[in-house]
Each structure stands twice: as structure tokens, then as C-alpha cells.
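J.: One structure is given below, represented as C-alpha cells, and several questions about it will come after.
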Amino acid sequence: MMIKEKIQNMYFTSRDRRRTKLAEWREARNSTKEFVVGTTKMVKGIYGVPLWEINNQFKKLAKKRKLEENIGEKIVIPLPMKKSSEPLTSLELKQVEEKLHSLEGFELLQLSHFALLKPKYKEQKLFHHVSRKVEIHIESF
């Protein structure tokens, strides 16, 4: 009888250990998911402008080496059309441009190329849509 009880106690304790490890792992996974979802919502967009897409474009431009040859020119990043026919107000445009300046990809772009870069968000009203783009003006120091 004694041996049977010891084996049952060992079995229950190992099962309990597995359950606690599984519960800890699930809790860590859920907290990581919440963190990732929170950061993606933060970077996802502002006023319908896809900041994550612009950030990726900035990172791709940071990898290019020939950006210094284009001093005095501008680089245009086209964005998807806006479905509403109302362009952003001047206050909203300023907020969007501030967000563009604070993007990680833009900081990488400035650090990788020794040029003064000025991103501008522009909208142009068409018939029932608004076309959008980001222009980066390249100037020397």
C-alpha cells in the first residue's frame, strides 16, 4: 500500500508541476500578445494614414546607398487613396507630419544618410477620392 500511495503522490505532483508551467507559459504568451497588439495599434495609423507602411518604406530607403546623389530632389512615396472626399485639416496635417518625424524608419533614414531630410504629407482632391503621398525633400547640410 505504501508504494502505491508514493507513486500516486509523485504522479499528482508531476502533473501539478506541468499544469503550473503550462499556466505560466499561457500567461506569458497572453501578456506578449497584449504588448504586441498595443504597439501595432499605436503604430498602425493616424487619420487613416498607414504609418506602419510608411515606416517600412523609410527603412527600405535607409538601406539604399545612392540617396546622397539626389540632393535637391525629392522622393515620393505613394499611399493608397482615401475613400472619403474630405482632405485633412491643417491641424491634422501637422499631427501627421509630427508622427512622420517620430517614426523609427525616418530616424534610421536620417542616420544612414548624411543629408537633411524633410518629409511632407500631401493630399490632392480628385473627383470622389483623395490621393495621398509622402514627399521627402533631400537637402545638404
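Please note that chains go A, B, ... in the order of the C-alpha cells, that every chain numbers its residues from 1, and that ligands are numbered from 1 in the order shown.
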Near Glu104 of chain A, within 10 Å and counting only C-alpha atoms, which residues show up once chain neighbours fewer than 6 positions away are dropped, as a PyMOL selection string?

T.: chain A and resi 52+55-56+58-59

J.: With distances taken over only C-alpha atoms, which of A:Glu92, A:Glu24, A:Asp16, A:Glu86 is nearest to Tyr47 of chain A?

T.: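 When distances to Tyr47 of chain A are compared using only C-alpha atoms, the smallest one comes from A:Glu92.
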
J.: Any chance you could list, as a compact mmCIF listing (two decimals) with C-alpha atoms, in the first residue's frame, the residues in segment 12-137 of chain A that come up strand (DSSP E or B) when DSSP is run on the backbone?

T.:
# COMPACT_ATOMS: atom_id res chain seq x y z
CA GLY A 45 -2.12 54.75 -38.37
CA ILE A 46 -3.44 58.20 -37.68
CA VAL A 49 -2.64 57.32 -42.87
CA PRO A 50 -0.88 53.92 -42.73
CA LYS A 74 12.52 64.72 -53.70
CA ILE A 75 11.46 61.12 -53.20
CA VAL A 76 7.75 60.36 -53.46
CA ILE A 77 6.11 57.52 -51.53
CA PRO A 78 2.59 56.92 -52.92
CA LEU A 79 -0.10 55.92 -50.44
CA PRO A 80 -3.47 54.27 -51.02
CA MET A 81 -6.33 56.58 -51.91
CA LYS A 82 -8.58 57.85 -49.18
CA LEU A 116 18.85 67.00 -44.31
CA LEU A 117 15.57 65.22 -44.96
CA LYS A 118 12.15 66.84 -44.67
CA PRO A 119 9.10 64.60 -45.06
CA LYS A 120 5.88 66.27 -46.17
CA TYR A 121 2.47 64.64 -46.25
CA LYS A 122 0.39 65.84 -49.20
CA GLU A 123 -3.17 65.22 -50.30
CA GLN A 124 -4.84 66.08 -53.58
CA LYS A 125 -8.59 66.00 -54.01
CA VAL A 130 -8.35 61.98 -52.11
CA SER A 131 -4.95 60.86 -53.38
CA ARG A 132 -2.19 60.85 -50.78
CA LYS A 133 1.60 60.76 -50.85
CA VAL A 134 4.65 61.46 -48.74
CA GLU A 135 7.37 63.60 -50.26
CA ILE A 136 10.87 63.58 -48.82
CA HIS A 137 12.91 66.64 -49.76

J.: Of the candidates A:Ala62, A:Gly105, A:His113, A:Gly48, which one gets nearest to Leu93 of chain A if we count only C-alpha atoms?

T.: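 Ranking A:Ala62, A:Gly105, A:His113, A:Gly48 by distance to Leu93 of chain A, first place goes to A:Gly48.
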